[in-house]
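Next up, my_file.cif (mmCIF, C-alpha atoms):
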data_start
loop_
_atom_site.label_atom_id
_atom_site.label_comp_id
_atom_site.auth_asym_id
_atom_site.auth_seq_id
_atom_site.Cartn_x
_atom_site.Cartn_y
_atom_site.Cartn_z
CA LEU F 1497 0.00 0.00 0.00
CA PHE F 1498 2.75 2.48 0.92
CA GLY F 1499 4.62 1.88 -2.34
CA VAL F 1500 1.47 2.20 -4.46
CA LEU F 1501 0.37 5.46 -2.83
CA ASN F 1502 3.88 6.92 -3.01
CA ARG F 1503 4.05 6.08 -6.74
CA LEU F 1504 0.60 7.55 -7.42
CA TRP F 1505 1.67 10.70 -5.54
CA GLU F 1506 4.64 11.00 -7.94
CA LEU F 1507 2.39 10.60 -11.00
CA LEU F 1508 -0.33 13.08 -10.00
CA LEU F 1509 -0.01 16.78 -10.64
CA THR F 1510 0.03 19.06 -7.61
CA GLY F 1511 -3.57 19.43 -6.43
CA GLY F 1512 -4.55 16.20 -8.21
CA LEU F 1513 -7.33 14.09 -6.71
CA LEU F 1514 -7.10 10.33 -6.16
CA LYS F 1515 -10.33 8.37 -5.62
CA VAL F 1516 -9.94 5.04 -3.84
CA GLN F 1517 -12.49 2.33 -3.06
CA VAL F 1518 -11.47 -0.47 -0.70
CA PRO F 1519 -13.17 -3.25 1.31
CA GLN F 1520 -14.19 -2.37 4.85
CA TRP F 1521 -12.55 -4.53 7.54
CA GLY F 1522 -14.86 -7.13 8.97
CA SER F 1523 -17.01 -7.21 5.84
CA ALA F 1524 -17.49 -10.20 3.59
CA ASN F 1525 -15.79 -8.24 0.80
CA ALA F 1526 -12.61 -8.03 2.87
CA VAL F 1527 -12.26 -11.78 3.30
CA ILE F 1528 -14.03 -13.54 0.42
CA ALA F 1529 -11.89 -12.35 -2.50
CA PRO F 1530 -8.42 -13.92 -2.38
CA THR F 1531 -6.94 -10.72 -3.81
CA HIS F 1532 -7.98 -8.70 -0.73
CA TRP F 1533 -5.03 -8.79 1.64
CA ARG F 1534 -6.49 -6.41 4.19
CA GLY F 1535 -9.62 -4.60 5.19
CA PHE F 1536 -9.73 -0.87 5.83
CA HIS F 1537 -11.22 1.49 8.42
CA LEU F 1538 -12.58 5.00 7.78
CA GLN F 1539 -9.35 6.36 9.32
CA SER F 1540 -6.92 4.04 7.49
CA PHE F 1541 -5.75 6.74 5.09
CA ASP F 1542 -5.27 9.31 7.88
CA ILE F 1543 -1.74 7.93 8.30
CA PHE F 1544 -0.86 9.62 4.99
CA ASP F 1545 -2.31 13.01 5.98
CA PRO F 1546 0.07 15.02 8.19
CA THR F 1547 -2.80 17.24 9.37
CA THR F 1548 -4.50 14.31 11.16
CA ARG F 1549 -3.59 12.81 14.53
CA LEU F 1550 -2.58 9.49 12.91
CA GLY F 1551 -0.54 11.32 10.28
CA ARG F 1552 1.36 13.27 12.93
CA ILE F 1553 2.19 10.29 15.14
CA ASN F 1554 3.28 8.12 12.18
CA SER F 1555 5.44 10.68 10.38
CA PHE F 1556 8.48 8.41 10.80
CA TYR F 1557 7.25 6.34 7.83
CA GLY F 1558 8.41 9.13 5.49
CA LEU F 1559 5.24 8.88 3.42
CA ARG F 1560 4.21 11.33 0.74
CA PRO F 1561 1.82 13.94 2.18
CA TRP F 1562 -1.77 13.42 1.06
CA THR F 1563 -4.79 15.36 2.29
CA VAL F 1564 -7.84 13.24 3.05
CA VAL F 1565 -10.60 15.25 1.35
CA SER F 1566 -13.44 12.82 2.04
CA ARG F 1567 -14.13 9.40 3.50
CA GLN F 1568 -17.39 7.50 3.49
CA VAL F 1569 -19.05 4.13 3.41
CA VAL F 1570 -20.05 3.59 -0.22
CA PRO F 1571 -23.72 4.59 -0.57
CA ARG F 1572 -26.11 1.63 -0.54
CA SER F 1573 -23.29 -0.60 0.69
CA ASP F 1574 -21.96 -1.63 4.07
CA VAL F 1575 -18.94 -3.44 2.70
CA ASN F 1576 -16.84 -0.86 0.84
CA LEU F 1577 -15.24 2.44 1.80
CA GLN F 1578 -14.51 5.34 -0.52
CA PHE F 1579 -11.78 7.94 -0.06
CA GLU F 1580 -10.66 11.05 -1.90
CA LEU F 1581 -7.04 12.04 -1.39
CA ARG F 1582 -5.49 15.24 -2.70
CA LYS F 1583 -1.82 15.63 -3.52
#
In structure tokens, how does this file's structure come out?
Amino acid sequence: LFGVLNRLWELLLTGGLLKVQVPQWGSANAVIAPTHWRGFHLQSFDIFDPTTRLGRINSFYGLRPWTVVSRQVVPRSDVNLQFELRK
């Protein structure tokens, strides 16, 4: 995950918006598909945002700085989460 987000950060123009949809932890989507290696929480991407509590306490990872613009459970779904991250 860290490598993918760092690479996408390099490819996006400054101010670019990345939309991500991932399986929510504990949901069937997170464990049924063999390609899903992990489930996510609504705060999972906060680690990449230095303005959040998780971003500040995990700054030692040296991650590219994203801003979490939005986070939500996908409408009409209780199994997927949707995030918008800005470079």
**Request:** Would you write out, as number ranges by chain, every residue that the PyMOL selection byres ((chain F and resi 1578-1581) around 9) captures in this file?
**Result:** F: 1512-1519, 1538, 1541, 1545, 1562-1570, 1576-1577, 1582-1583
Using only C-alpha atoms, determine which residues lie at most 9 Å from F:Ser1523, disregarding the query and same-chain residues fewer than 5 positions distant; provide the list as a CSV table (one decimal) with C-alpha atoms, keeping the file's coordinate frame.
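Once everything was written out, this is result-v9.csv:
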chain,number,residue,atom,x,y,z
F,1528,ILE,CA,-14.0,-13.5,0.4
F,1535,GLY,CA,-9.6,-4.6,5.2
F,1574,ASP,CA,-22.0,-1.6,4.1
F,1575,VAL,CA,-18.9,-3.4,2.7
F,1576,ASN,CA,-16.8,-0.9,0.8
Take the point (1.1, 4.9, 12.0) in the file's coordinates, draw a sphere of radius 6 Å around it, and report as a PDB file with C-alpha atoms, in the frame of the given file every protein, DNA or RNA residue with an atom inside or on it, counting only C-alpha atoms.
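As written to disk, result_24.pdb reads:
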ATOM      1  CA  ILE F1543      -1.740   7.930   8.300  1.00  0.00           C
ATOM      2  CA  LEU F1550      -2.580   9.490  12.910  1.00  0.00           C
ATOM      3  CA  ASN F1554       3.280   8.120  12.180  1.00  0.00           C
TER       4      ASN F1554
END
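Note that the spacing between atom CA of F:Thr1510 and atom CA of F:Pro1546 amounts to 16.3 Å.
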**Request:** Go through F:Ser1540, F:Arg1572, F:Val1500, F:Arg1534 and flag the residue nearest F:Arg1560, using all atoms listed in the file for the distances.
**Result:** F:Val1500
**Prompt:** Any idea what the distance is between atom CA of F:Leu1559 and atom CA of F:Asn1502?
**Reply:** 6.9 Å
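Atom pair atom CA of F:Arg1552 / atom CA of F:Gly1499 has a distance of 19.3 Å (rounded to one decimal).
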